[in-house]
Amino acid sequence: MPGNRLSNMRQSIIDGAPETACSLAQEAVAAGMAPLEAINDGYVLGMRDVGEQFARGQMFLPDMMASAEAMRAAMSVLEPELRKQGAERPTAGVVVLGTTKGDIHEIGKILVGTLLTAHGFEVHDLGVDVAGEKFAAKAREVSADIVGVSALLTTTMRNQKKVVEALEKEGLRSSVKIMVGGAPVTRRWAEEIGADGFAKDAMSAVGLAQELMQKKLAAVPTQT
Ligand code: B12
C-alpha cells in the first residue's frame, strides 16, 4: 500500500533507522514506485519533522545524525535509479555544485546534484565546507555554465555572497550563472547577493538550471 509505505519511510527517518529506510527503498523500487515520489513524499517529510523537533528541543544532535544516516541509506538505493533516467542524454550544461564554507549539510545538495544529472547535466560536486575560491577554480577548470551553492545555516548563507565575489574576482561572472538554495535561502536573498536564481527544492533547481542555460545561450552571439 503506497500510503503506508510513504508513512513508514517518513517514520524510518524520524527513528534514525538506516536498515529500515534502505529496505523500504528497495521494496519501493521493486514495486515500481517513482524514486522521486519516495524521496519527496516519504523520506524528506521525515527530515522536515526531525528539523522541527530539533528546533523545539525535542531531539538532539545524535538523533539528527542518525536521521541523516537513515536518509543516506535510502538515497544509496534511490540515487542510482534517478541517475539511470539521465544516462543517455546529451549534456544539458556543466554545473559546479557545493555547500558553502563552514557548512557540512549535504543531503539537499546531493539530491539537487542527482536530479540535475538525471536531467542530463554534467555535475561536479565539490562536497561540503567549500570556499569561494575553490568554486571559482573548479568553474574555470571545467568551463562551468552554472555554479550552484547550498547553505543550510543562517550563519553560512553569507558565504554564498563570497562565492559570487570569488567568481567576479576570477573574471568569470559574465560566463557563469549562479544559483543558490538551502532551507534558509530565499529569492530575495539571491537577489541581494547578486545571484541569478534561487530554487526551493531539487526539482525546481532542475527547472531553474534549464532556464539559466537558455538565458546563457541567448546571450551568446551566434557564429556565422
Ligand atoms: C540532517 C541535518 C543535520 C545533519 C547533516 C548531515 C548531512 N550529512 O548533511 C547534521 C547532524 C550533521 C547537522 C549538523 C548541524 N545542524 Co543541522 N539539520 C539537519 C536537518 C534536520 C535536515 C537537513 C536536510 O538534510 N534536509 C533534507 C534536504 C532534502 O532538504 P534541504 O537540505 O533543505 O535541501 C533542499 C532545498 O533546500 C534545496 N537546496 C538545497 N541545496 C541547494 C542548492 C541549490 C543550488 C539549489 C538551487 C537548491 C538547493 O533543494 C534540496 C532538495 O529538495 C535540518 C532541518 C531542516 N528542516 O532543514 C537541520 C538544521 C539545518 N541544522 C541546524 C543546526 C543548528 C545544525 C548544527 C549547528 C547543530 C549543532 N549544534 O552542532 C550543526 C551544524 C554543522 C555545520 N557546521 O554545518 C539548524 C539550522 C538553524 C539555522 N537557522 O541556522 C536546522 C534548521 C535545524 C533546526 N530547526 O534548528 N544537521
# chains A, B, ... in the order shown; residues from 1 in each chain; ligands from 1
$ residues_around --residues "Val149 of chain A" --least-positions-apart "5" --cutoff "9 Å" --atoms "only C-alpha atoms" --output "PyMOL selection string"
chain A and resi 96-100+109+135+160+163+178-182
$ write_last_selection --atoms "N, CA, C and O atoms" --output "compact mmCIF listing (two decimals), in the first residue's frame"
# COMPACT_ATOMS: atom_id res chain seq x y z
N VAL A 96 28.87 23.23 -11.45
CA VAL A 96 29.73 23.00 -10.29
C VAL A 96 28.86 23.25 -9.06
O VAL A 96 28.19 24.28 -8.95
N LEU A 97 28.88 22.27 -8.15
CA LEU A 97 27.96 22.32 -7.01
C LEU A 97 28.73 22.15 -5.70
O LEU A 97 29.72 21.42 -5.66
N GLY A 98 28.27 22.79 -4.65
CA GLY A 98 28.93 22.58 -3.35
C GLY A 98 28.16 23.27 -2.24
O GLY A 98 27.25 24.06 -2.49
N THR A 99 28.52 22.91 -1.00
CA THR A 99 27.95 23.57 0.19
C THR A 99 28.98 24.59 0.68
O THR A 99 30.18 24.31 0.66
N THR A 100 28.51 25.73 1.13
CA THR A 100 29.42 26.85 1.49
C THR A 100 30.39 26.52 2.61
O THR A 100 30.18 25.59 3.39
N LYS A 109 21.93 19.10 -1.15
CA LYS A 109 22.82 19.36 -2.28
C LYS A 109 22.99 18.10 -3.13
O LYS A 109 22.97 18.15 -4.36
N PHE A 135 35.26 27.17 -5.54
CA PHE A 135 34.18 27.16 -6.54
C PHE A 135 34.69 27.77 -7.84
O PHE A 135 34.48 27.25 -8.94
N GLN A 160 27.56 32.45 0.70
CA GLN A 160 27.12 32.35 -0.70
C GLN A 160 27.55 33.62 -1.46
O GLN A 160 27.90 33.58 -2.62
N VAL A 163 31.00 33.47 -2.71
CA VAL A 163 31.17 32.70 -3.96
C VAL A 163 30.92 33.62 -5.16
O VAL A 163 31.68 33.61 -6.13
N ILE A 178 24.84 31.80 -11.54
CA ILE A 178 24.93 31.32 -10.15
C ILE A 178 23.53 31.07 -9.61
O ILE A 178 22.65 31.93 -9.68
N MET A 179 23.33 29.85 -9.05
CA MET A 179 22.05 29.59 -8.38
C MET A 179 22.32 29.19 -6.94
O MET A 179 23.32 28.54 -6.63
N VAL A 180 21.43 29.62 -6.05
CA VAL A 180 21.62 29.34 -4.63
C VAL A 180 20.38 28.63 -4.07
O VAL A 180 19.28 28.75 -4.60
N GLY A 181 20.60 27.89 -2.98
CA GLY A 181 19.49 27.20 -2.33
C GLY A 181 19.87 26.73 -0.94
O GLY A 181 20.99 26.96 -0.48
N GLY A 182 18.94 26.05 -0.28
CA GLY A 182 19.12 25.62 1.10
C GLY A 182 17.98 26.16 1.93
O GLY A 182 17.40 27.19 1.57
$ residues_near_ligand --ligand "ligand 1" --cutoff "7 Å" --atoms "only C-alpha atoms and all ligand atoms" --output "ChimeraX atom specification"
/A:44,47-48,50-52,54-55,61-62,64-65,67-68,97,102-109,111-112,148-155,179-184,198-203,205
$ residues_around --residues "Ser143 of chain A" --least-positions-apart "3" --cutoff "8 Å" --atoms "only C-alpha atoms" --output "count of residues only"
3
$ closest_atom_pairs --of "segment 57-146 of chain A" --to "segment 16-30 of chain A" --cutoff "8 Å" --atoms "only C-alpha atoms" --output "tab-separated table"
residue	atom	partner	partner_atom	distance
A:Asp63	CA	A:Gly16	CA	6.7
A:Met64	CA	A:Gly16	CA	7.7
A:Met65	CA	A:Gly16	CA	7.9
A:Ala66	CA	A:Gly16	CA	4.5
A:Ser67	CA	A:Gly16	CA	4.0
A:Ala68	CA	A:Gly16	CA	7.4
A:Glu69	CA	A:Pro18	CA	6.1
A:Ala70	CA	A:Pro18	CA	3.8
A:Met71	CA	A:Ala21	CA	7.1
A:Arg72	CA	A:Pro18	CA	7.8
A:Ala73	CA	A:Cys22	CA	5.3
A:Ala74	CA	A:Cys22	CA	4.6
A:Ser76	CA	A:Cys22	CA	7.9
A:Val77	CA	A:Ala25	CA	6.3
A:Leu78	CA	A:Ala25	CA	6.7
$ write_last_selection --atoms "C-alpha atoms" --output "PDB file, in the first residue's frame"
ATOM      1  CA  ASP A  63      19.315  11.885  16.817  1.00  0.00           C
ATOM      2  CA  MET A  64      19.665  14.283  13.907  1.00  0.00           C
ATOM      3  CA  MET A  65      22.842  12.460  12.846  1.00  0.00           C
ATOM      4  CA  ALA A  66      21.069   9.103  12.981  1.00  0.00           C
ATOM      5  CA  SER A  67      18.282  10.551  10.820  1.00  0.00           C
ATOM      6  CA  ALA A  68      20.822  11.845   8.318  1.00  0.00           C
ATOM      7  CA  GLU A  69      22.354   8.358   8.228  1.00  0.00           C
ATOM      8  CA  ALA A  70      18.936   6.832   7.511  1.00  0.00           C
ATOM      9  CA  MET A  71      18.389   9.380   4.727  1.00  0.00           C
ATOM     10  CA  ARG A  72      21.738   8.486   3.193  1.00  0.00           C
ATOM     11  CA  ALA A  73      20.869   4.771   3.336  1.00  0.00           C
ATOM     12  CA  ALA A  74      17.629   5.400   1.430  1.00  0.00           C
ATOM     13  CA  SER A  76      22.034   4.940  -1.758  1.00  0.00           C
ATOM     14  CA  VAL A  77      19.198   2.840  -3.197  1.00  0.00           C
ATOM     15  CA  LEU A  78      17.230   5.635  -4.890  1.00  0.00           C
TER      16      LEU A  78
END
$ select_by_dssp --residues "segment 64-110 of chain A" --states "strand (DSSP E)" --output "ChimeraX atom specification"
/A:93-99
$ write_last_selection --atoms "C-alpha atoms" --output "mmCIF file, in the first residue's frame"
data_model
loop_
_atom_site.group_PDB
_atom_site.id
_atom_site.type_symbol
_atom_site.label_atom_id
_atom_site.label_comp_id
_atom_site.auth_asym_id
_atom_site.auth_seq_id
_atom_site.Cartn_x
_atom_site.Cartn_y
_atom_site.Cartn_z
ATOM 1 C CA GLY A 93 25.082 22.037 -19.259
ATOM 2 C CA VAL A 94 28.036 21.891 -16.867
ATOM 3 C CA VAL A 95 27.320 22.561 -13.195
ATOM 4 C CA VAL A 96 29.728 23.000 -10.285
ATOM 5 C CA LEU A 97 27.961 22.318 -7.013
ATOM 6 C CA GLY A 98 28.927 22.584 -3.352
ATOM 7 C CA THR A 99 27.955 23.571 0.188
#
$ select_by_dssp --residues "segment 1-99 of chain A" --states "helix (DSSP H, G or I)" --output "compact mmCIF listing (two decimals) with N, CA, C and O atoms, in the first residue's frame"
# COMPACT_ATOMS: atom_id res chain seq x y z
N PRO A 2 0.83 2.09 -1.09
CA PRO A 2 1.76 3.21 -1.19
C PRO A 2 1.66 4.19 -0.03
O PRO A 2 2.66 4.69 0.46
N GLY A 3 0.43 4.47 0.46
CA GLY A 3 0.25 5.42 1.56
C GLY A 3 1.02 4.98 2.80
O GLY A 3 1.78 5.75 3.39
N ASN A 4 0.85 3.72 3.15
CA ASN A 4 1.57 3.16 4.30
C ASN A 4 3.06 3.17 4.09
O ASN A 4 3.82 3.46 5.00
N ARG A 5 3.43 2.82 2.86
CA ARG A 5 4.86 2.75 2.56
C ARG A 5 5.49 4.13 2.77
O ARG A 5 6.53 4.26 3.39
N LEU A 6 4.80 5.17 2.27
CA LEU A 6 5.33 6.53 2.41
C LEU A 6 5.44 6.93 3.88
O LEU A 6 6.43 7.52 4.31
N SER A 7 4.41 6.59 4.66
CA SER A 7 4.50 6.99 6.07
C SER A 7 5.54 6.17 6.82
O SER A 7 6.18 6.68 7.74
N ASN A 8 5.76 4.92 6.40
CA ASN A 8 6.85 4.14 7.01
C ASN A 8 8.22 4.73 6.67
O ASN A 8 9.13 4.75 7.50
N MET A 9 8.31 5.24 5.43
CA MET A 9 9.58 5.87 5.03
C MET A 9 9.85 7.08 5.90
O MET A 9 10.95 7.27 6.42
N ARG A 10 8.82 7.89 6.05
CA ARG A 10 8.93 9.09 6.88
C ARG A 10 9.37 8.72 8.31
O ARG A 10 10.28 9.30 8.88
N GLN A 11 8.72 7.67 8.85
CA GLN A 11 9.00 7.25 10.22
C GLN A 11 10.43 6.70 10.35
O GLN A 11 11.09 6.91 11.38
N SER A 12 10.92 6.03 9.30
CA SER A 12 12.27 5.45 9.39
C SER A 12 13.32 6.55 9.56
O SER A 12 14.36 6.34 10.18
N ILE A 13 13.02 7.74 9.01
CA ILE A 13 13.95 8.87 9.16
C ILE A 13 13.85 9.43 10.58
O ILE A 13 14.85 9.69 11.25
N ILE A 14 12.62 9.57 11.06
CA ILE A 14 12.43 10.08 12.43
C ILE A 14 13.09 9.14 13.43
O ILE A 14 13.75 9.58 14.37
N PRO A 18 18.59 3.32 9.58
CA PRO A 18 19.09 3.15 8.22
C PRO A 18 18.65 1.85 7.55
O PRO A 18 18.31 1.85 6.36
N GLU A 19 18.63 0.76 8.31
CA GLU A 19 18.27 -0.53 7.67
C GLU A 19 16.84 -0.53 7.18
O GLU A 19 16.54 -0.99 6.07
N THR A 20 15.94 -0.01 8.02
CA THR A 20 14.54 0.06 7.60
C THR A 20 14.39 1.00 6.41
O THR A 20 13.71 0.68 5.43
N ALA A 21 15.06 2.16 6.49
CA ALA A 21 14.97 3.14 5.39
C ALA A 21 15.44 2.50 4.09
O ALA A 21 14.80 2.66 3.04
N CYS A 22 16.52 1.74 4.18
CA CYS A 22 17.10 1.10 3.00
C CYS A 22 16.16 0.02 2.45
O CYS A 22 15.87 -0.02 1.25
N SER A 23 15.63 -0.83 3.32
CA SER A 23 14.78 -1.92 2.79
C SER A 23 13.46 -1.37 2.25
O SER A 23 12.94 -1.88 1.26
N LEU A 24 12.94 -0.32 2.85
CA LEU A 24 11.72 0.30 2.30
C LEU A 24 11.98 0.86 0.90
O LEU A 24 11.14 0.75 0.01
N ALA A 25 13.18 1.43 0.72
CA ALA A 25 13.53 1.98 -0.60
C ALA A 25 13.64 0.84 -1.62
O ALA A 25 13.15 0.96 -2.75
N GLN A 26 14.25 -0.26 -1.20
CA GLN A 26 14.38 -1.41 -2.11
C GLN A 26 13.01 -1.96 -2.51
O GLN A 26 12.75 -2.25 -3.68
N GLU A 27 12.13 -2.06 -1.51
CA GLU A 27 10.77 -2.55 -1.79
C GLU A 27 10.05 -1.62 -2.77
O GLU A 27 9.35 -2.06 -3.67
N ALA A 28 10.23 -0.31 -2.54
CA ALA A 28 9.55 0.67 -3.39
C ALA A 28 10.02 0.56 -4.84
O ALA A 28 9.21 0.58 -5.76
N VAL A 29 11.34 0.43 -5.01
CA VAL A 29 11.89 0.30 -6.36
C VAL A 29 11.34 -0.97 -7.01
O VAL A 29 10.88 -0.95 -8.17
N ALA A 30 11.34 -2.06 -6.25
CA ALA A 30 10.83 -3.34 -6.79
C ALA A 30 9.35 -3.23 -7.16
O ALA A 30 8.90 -3.85 -8.12
N PRO A 35 11.19 6.93 -7.86
CA PRO A 35 12.14 7.27 -6.79
C PRO A 35 11.89 8.66 -6.20
O PRO A 35 12.02 8.87 -5.00
N LEU A 36 11.49 9.59 -7.08
CA LEU A 36 11.27 10.96 -6.60
C LEU A 36 10.08 11.06 -5.65
O LEU A 36 10.06 11.87 -4.72
N GLU A 37 9.08 10.21 -5.90
CA GLU A 37 7.91 10.20 -5.00
C GLU A 37 8.34 9.70 -3.61
O GLU A 37 7.96 10.27 -2.59
N ALA A 38 9.15 8.64 -3.60
CA ALA A 38 9.63 8.10 -2.32
C ALA A 38 10.43 9.17 -1.57
O ALA A 38 10.27 9.35 -0.36
N ILE A 39 11.26 9.89 -2.30
CA ILE A 39 12.11 10.91 -1.65
C ILE A 39 11.24 12.05 -1.12
O ILE A 39 11.26 12.36 0.07
N ASN A 40 10.46 12.66 -2.02
CA ASN A 40 9.73 13.88 -1.65
C ASN A 40 8.54 13.64 -0.72
O ASN A 40 8.29 14.43 0.19
N ASP A 41 7.80 12.55 -0.96
CA ASP A 41 6.58 12.34 -0.18
C ASP A 41 6.80 11.39 1.00
O ASP A 41 5.88 11.14 1.77
N GLY A 42 8.00 10.83 1.09
CA GLY A 42 8.32 9.93 2.21
C GLY A 42 9.46 10.47 3.04
O GLY A 42 9.26 11.15 4.04
N TYR A 43 10.68 10.21 2.58
CA TYR A 43 11.87 10.49 3.40
C TYR A 43 12.05 11.97 3.75
O TYR A 43 12.35 12.31 4.89
N VAL A 44 11.86 12.86 2.76
CA VAL A 44 12.11 14.29 3.04
C VAL A 44 11.14 14.82 4.10
O VAL A 44 11.50 15.67 4.93
N LEU A 45 9.91 14.28 4.13
CA LEU A 45 8.96 14.72 5.16
C LEU A 45 9.47 14.34 6.55
O LEU A 45 9.32 15.08 7.52
N GLY A 46 10.13 13.16 6.62
CA GLY A 46 10.75 12.75 7.89
C GLY A 46 11.84 13.71 8.31
O GLY A 46 11.91 14.12 9.47
N MET A 47 12.66 14.13 7.34
CA MET A 47 13.74 15.09 7.62
C MET A 47 13.16 16.39 8.14
O MET A 47 13.71 17.02 9.03
N ARG A 48 12.05 16.80 7.53
CA ARG A 48 11.41 18.06 7.96
C ARG A 48 10.94 17.95 9.41
O ARG A 48 11.16 18.84 10.23
N ASP A 49 10.31 16.80 9.75
CA ASP A 49 9.86 16.58 11.13
C ASP A 49 11.03 16.63 12.11
O ASP A 49 10.94 17.21 13.19
N VAL A 50 12.13 15.98 11.69
CA VAL A 50 13.32 15.94 12.55
C VAL A 50 13.82 17.36 12.82
O VAL A 50 14.10 17.73 13.97
N GLY A 51 13.88 18.18 11.77
CA GLY A 51 14.33 19.57 11.92
C GLY A 51 13.43 20.33 12.89
O GLY A 51 13.92 21.08 13.73
N GLU A 52 12.11 20.10 12.78
CA GLU A 52 11.18 20.81 13.66
C GLU A 52 11.34 20.36 15.12
O GLU A 52 11.34 21.18 16.03
N GLN A 53 11.50 19.04 15.29
CA GLN A 53 11.68 18.54 16.66
C GLN A 53 12.99 19.03 17.27
O GLN A 53 13.07 19.35 18.45
N PHE A 54 14.02 19.12 16.42
CA PHE A 54 15.32 19.62 16.90
C PHE A 54 15.17 21.08 17.34
O PHE A 54 15.65 21.48 18.40
N ALA A 55 14.46 21.86 16.53
CA ALA A 55 14.27 23.28 16.84
C ALA A 55 13.50 23.46 18.16
O ALA A 55 13.73 24.41 18.90
N LEU A 61 21.40 16.46 18.80
CA LEU A 61 22.30 16.28 17.66
C LEU A 61 22.51 14.80 17.27
O LEU A 61 22.43 14.47 16.07
N PRO A 62 22.78 13.90 18.22
CA PRO A 62 22.98 12.50 17.81
C PRO A 62 21.75 11.92 17.08
O PRO A 62 21.89 11.13 16.15
N ASP A 63 20.53 12.36 17.50
CA ASP A 63 19.31 11.89 16.82
C ASP A 63 19.31 12.39 15.37
O ASP A 63 18.96 11.67 14.44
N MET A 64 19.69 13.67 15.24
CA MET A 64 19.67 14.28 13.91
C MET A 64 20.68 13.58 13.02
O MET A 64 20.46 13.36 11.83
N MET A 65 21.82 13.17 13.62
CA MET A 65 22.84 12.46 12.85
C MET A 65 22.33 11.08 12.42
O MET A 65 22.59 10.64 11.30
N ALA A 66 21.62 10.42 13.31
CA ALA A 66 21.07 9.10 12.98
C ALA A 66 20.05 9.24 11.85
O ALA A 66 20.00 8.41 10.93
N SER A 67 19.27 10.31 11.89
CA SER A 67 18.28 10.55 10.82
C SER A 67 18.98 10.79 9.49
O SER A 67 18.54 10.29 8.45
N ALA A 68 20.07 11.57 9.55
CA ALA A 68 20.82 11.85 8.32
C ALA A 68 21.39 10.54 7.75
O ALA A 68 21.41 10.33 6.54
N GLU A 69 21.82 9.66 8.64
CA GLU A 69 22.35 8.36 8.23
C GLU A 69 21.26 7.54 7.53
O GLU A 69 21.49 6.91 6.50
N ALA A 70 20.07 7.56 8.10
CA ALA A 70 18.94 6.83 7.51
C ALA A 70 18.61 7.40 6.13
O ALA A 70 18.34 6.65 5.18
N MET A 71 18.67 8.73 6.01
CA MET A 71 18.39 9.38 4.73
C MET A 71 19.42 8.95 3.69
O MET A 71 19.09 8.66 2.54
N ARG A 72 20.67 8.90 4.12
CA ARG A 72 21.74 8.49 3.19
C ARG A 72 21.54 7.05 2.74
O ARG A 72 21.78 6.70 1.59
N ALA A 73 21.10 6.19 3.68
CA ALA A 73 20.87 4.77 3.34
C ALA A 73 19.78 4.66 2.26
O ALA A 73 19.92 3.91 1.29
N ALA A 74 18.72 5.43 2.43
CA ALA A 74 17.63 5.40 1.43
C ALA A 74 18.13 5.93 0.09
O ALA A 74 17.87 5.37 -0.97
N MET A 75 18.92 7.02 0.16
CA MET A 75 19.42 7.64 -1.07
C MET A 75 20.37 6.70 -1.82
O MET A 75 20.44 6.75 -3.05
N SER A 76 21.10 5.84 -1.08
CA SER A 76 22.03 4.94 -1.76
C SER A 76 21.28 3.96 -2.66
O SER A 76 21.82 3.46 -3.63
N VAL A 77 20.02 3.71 -2.35
CA VAL A 77 19.20 2.84 -3.20
C VAL A 77 18.53 3.67 -4.31
O VAL A 77 18.47 3.25 -5.46
N LEU A 78 18.05 4.86 -3.95
CA LEU A 78 17.23 5.63 -4.89
C LEU A 78 18.06 6.44 -5.90
O LEU A 78 17.62 6.67 -7.02
N GLU A 79 19.26 6.86 -5.47
CA GLU A 79 20.09 7.70 -6.34
C GLU A 79 20.42 7.01 -7.67
O GLU A 79 20.23 7.61 -8.73
N PRO A 80 20.91 5.75 -7.66
CA PRO A 80 21.20 5.10 -8.94
C PRO A 80 19.96 5.01 -9.84
O PRO A 80 20.08 5.14 -11.06
N GLU A 81 18.79 4.86 -9.24
CA GLU A 81 17.55 4.79 -10.04
C GLU A 81 17.30 6.12 -10.73
O GLU A 81 16.92 6.18 -11.89
N LEU A 82 17.51 7.22 -9.99
CA LEU A 82 17.32 8.55 -10.56
C LEU A 82 18.33 8.82 -11.67
O LEU A 82 17.99 9.38 -12.71
N ARG A 83 19.56 8.42 -11.42
CA ARG A 83 20.62 8.68 -12.41
C ARG A 83 20.35 7.98 -13.73
O ARG A 83 20.63 8.52 -14.79
N LYS A 84 19.81 6.77 -13.64
CA LYS A 84 19.52 5.99 -14.85
C LYS A 84 18.69 6.81 -15.84
O LYS A 84 18.85 6.70 -17.04
$ closest_residue --among "A:Glu122, A:Asp129, A:Glu211, A:Glu192" --to "Lys161 of chain A" --atoms "only C-alpha atoms"
A:Glu192
$ closest_residue --among "A:Ala137, A:Ala209, A:Arg188, A:Ala166" --to "Gly113 of chain A" --atoms "only C-alpha atoms"
A:Ala209
$ atom_distance --atom1 "atom CA of Ala118 of chain A" --atom2 "atom CA of Gln210 of chain A"
12.7 Å
$ decode --residues "segment 1-21 of chain A" --atoms "N, CA, C and O atoms" --output "CSV table (one decimal), in the first residue's frame"
chain,number,residue,atom,x,y,z
A,1,MET,N,0.8,-1.2,0.0
A,1,MET,CA,0.0,0.0,0.0
A,1,MET,C,0.9,1.3,0.0
A,1,MET,O,1.6,1.5,0.9
A,2,PRO,N,0.8,2.1,-1.1
A,2,PRO,CA,1.8,3.2,-1.2
A,2,PRO,C,1.7,4.2,0.0
A,2,PRO,O,2.7,4.7,0.5
A,3,GLY,N,0.4,4.5,0.5
A,3,GLY,CA,0.3,5.4,1.6
A,3,GLY,C,1.0,5.0,2.8
A,3,GLY,O,1.8,5.8,3.4
A,4,ASN,N,0.8,3.7,3.2
A,4,ASN,CA,1.6,3.2,4.3
A,4,ASN,C,3.1,3.2,4.1
A,4,ASN,O,3.8,3.5,5.0
A,5,ARG,N,3.4,2.8,2.9
A,5,ARG,CA,4.9,2.8,2.6
A,5,ARG,C,5.5,4.1,2.8
A,5,ARG,O,6.5,4.3,3.4
A,6,LEU,N,4.8,5.2,2.3
A,6,LEU,CA,5.3,6.5,2.4
A,6,LEU,C,5.4,6.9,3.9
A,6,LEU,O,6.4,7.5,4.3
A,7,SER,N,4.4,6.6,4.7
A,7,SER,CA,4.5,7.0,6.1
A,7,SER,C,5.5,6.2,6.8
A,7,SER,O,6.2,6.7,7.7
A,8,ASN,N,5.8,4.9,6.4
A,8,ASN,CA,6.9,4.1,7.0
A,8,ASN,C,8.2,4.7,6.7
A,8,ASN,O,9.1,4.7,7.5
A,9,MET,N,8.3,5.2,5.4
A,9,MET,CA,9.6,5.9,5.0
A,9,MET,C,9.9,7.1,5.9
A,9,MET,O,11.0,7.3,6.4
A,10,ARG,N,8.8,7.9,6.0
A,10,ARG,CA,8.9,9.1,6.9
A,10,ARG,C,9.4,8.7,8.3
A,10,ARG,O,10.3,9.3,8.9
A,11,GLN,N,8.7,7.7,8.8
A,11,GLN,CA,9.0,7.2,10.2
A,11,GLN,C,10.4,6.7,10.4
A,11,GLN,O,11.1,6.9,11.4
A,12,SER,N,10.9,6.0,9.3
A,12,SER,CA,12.3,5.5,9.4
A,12,SER,C,13.3,6.5,9.6
A,12,SER,O,14.4,6.3,10.2
A,13,ILE,N,13.0,7.7,9.0
A,13,ILE,CA,14.0,8.9,9.2
A,13,ILE,C,13.8,9.4,10.6
A,13,ILE,O,14.9,9.7,11.2
A,14,ILE,N,12.6,9.6,11.1
A,14,ILE,CA,12.4,10.1,12.4
A,14,ILE,C,13.1,9.1,13.4
A,14,ILE,O,13.7,9.6,14.4
A,15,ASP,N,13.0,7.8,13.2
A,15,ASP,CA,13.6,6.8,14.1
A,15,ASP,C,15.1,6.7,13.9
A,15,ASP,O,15.7,6.1,14.7
A,16,GLY,N,15.6,7.3,12.8
A,16,GLY,CA,17.0,7.2,12.6
A,16,GLY,C,17.4,5.7,12.3
A,16,GLY,O,18.4,5.2,12.9
A,17,ALA,N,16.6,5.0,11.5
A,17,ALA,CA,16.8,3.6,11.3
A,17,ALA,C,17.2,3.3,9.8
A,17,ALA,O,16.4,3.1,8.9
A,18,PRO,N,18.6,3.3,9.6
A,18,PRO,CA,19.1,3.2,8.2
A,18,PRO,C,18.6,1.8,7.5
A,18,PRO,O,18.3,1.9,6.4
A,19,GLU,N,18.6,0.8,8.3
A,19,GLU,CA,18.3,-0.5,7.7
A,19,GLU,C,16.8,-0.5,7.2
A,19,GLU,O,16.5,-1.0,6.1
A,20,THR,N,15.9,0.0,8.0
A,20,THR,CA,14.5,0.1,7.6
A,20,THR,C,14.4,1.0,6.4
A,20,THR,O,13.7,0.7,5.4
A,21,ALA,N,15.1,2.2,6.5
A,21,ALA,CA,15.0,3.1,5.4
A,21,ALA,C,15.4,2.5,4.1
A,21,ALA,O,14.8,2.7,3.0
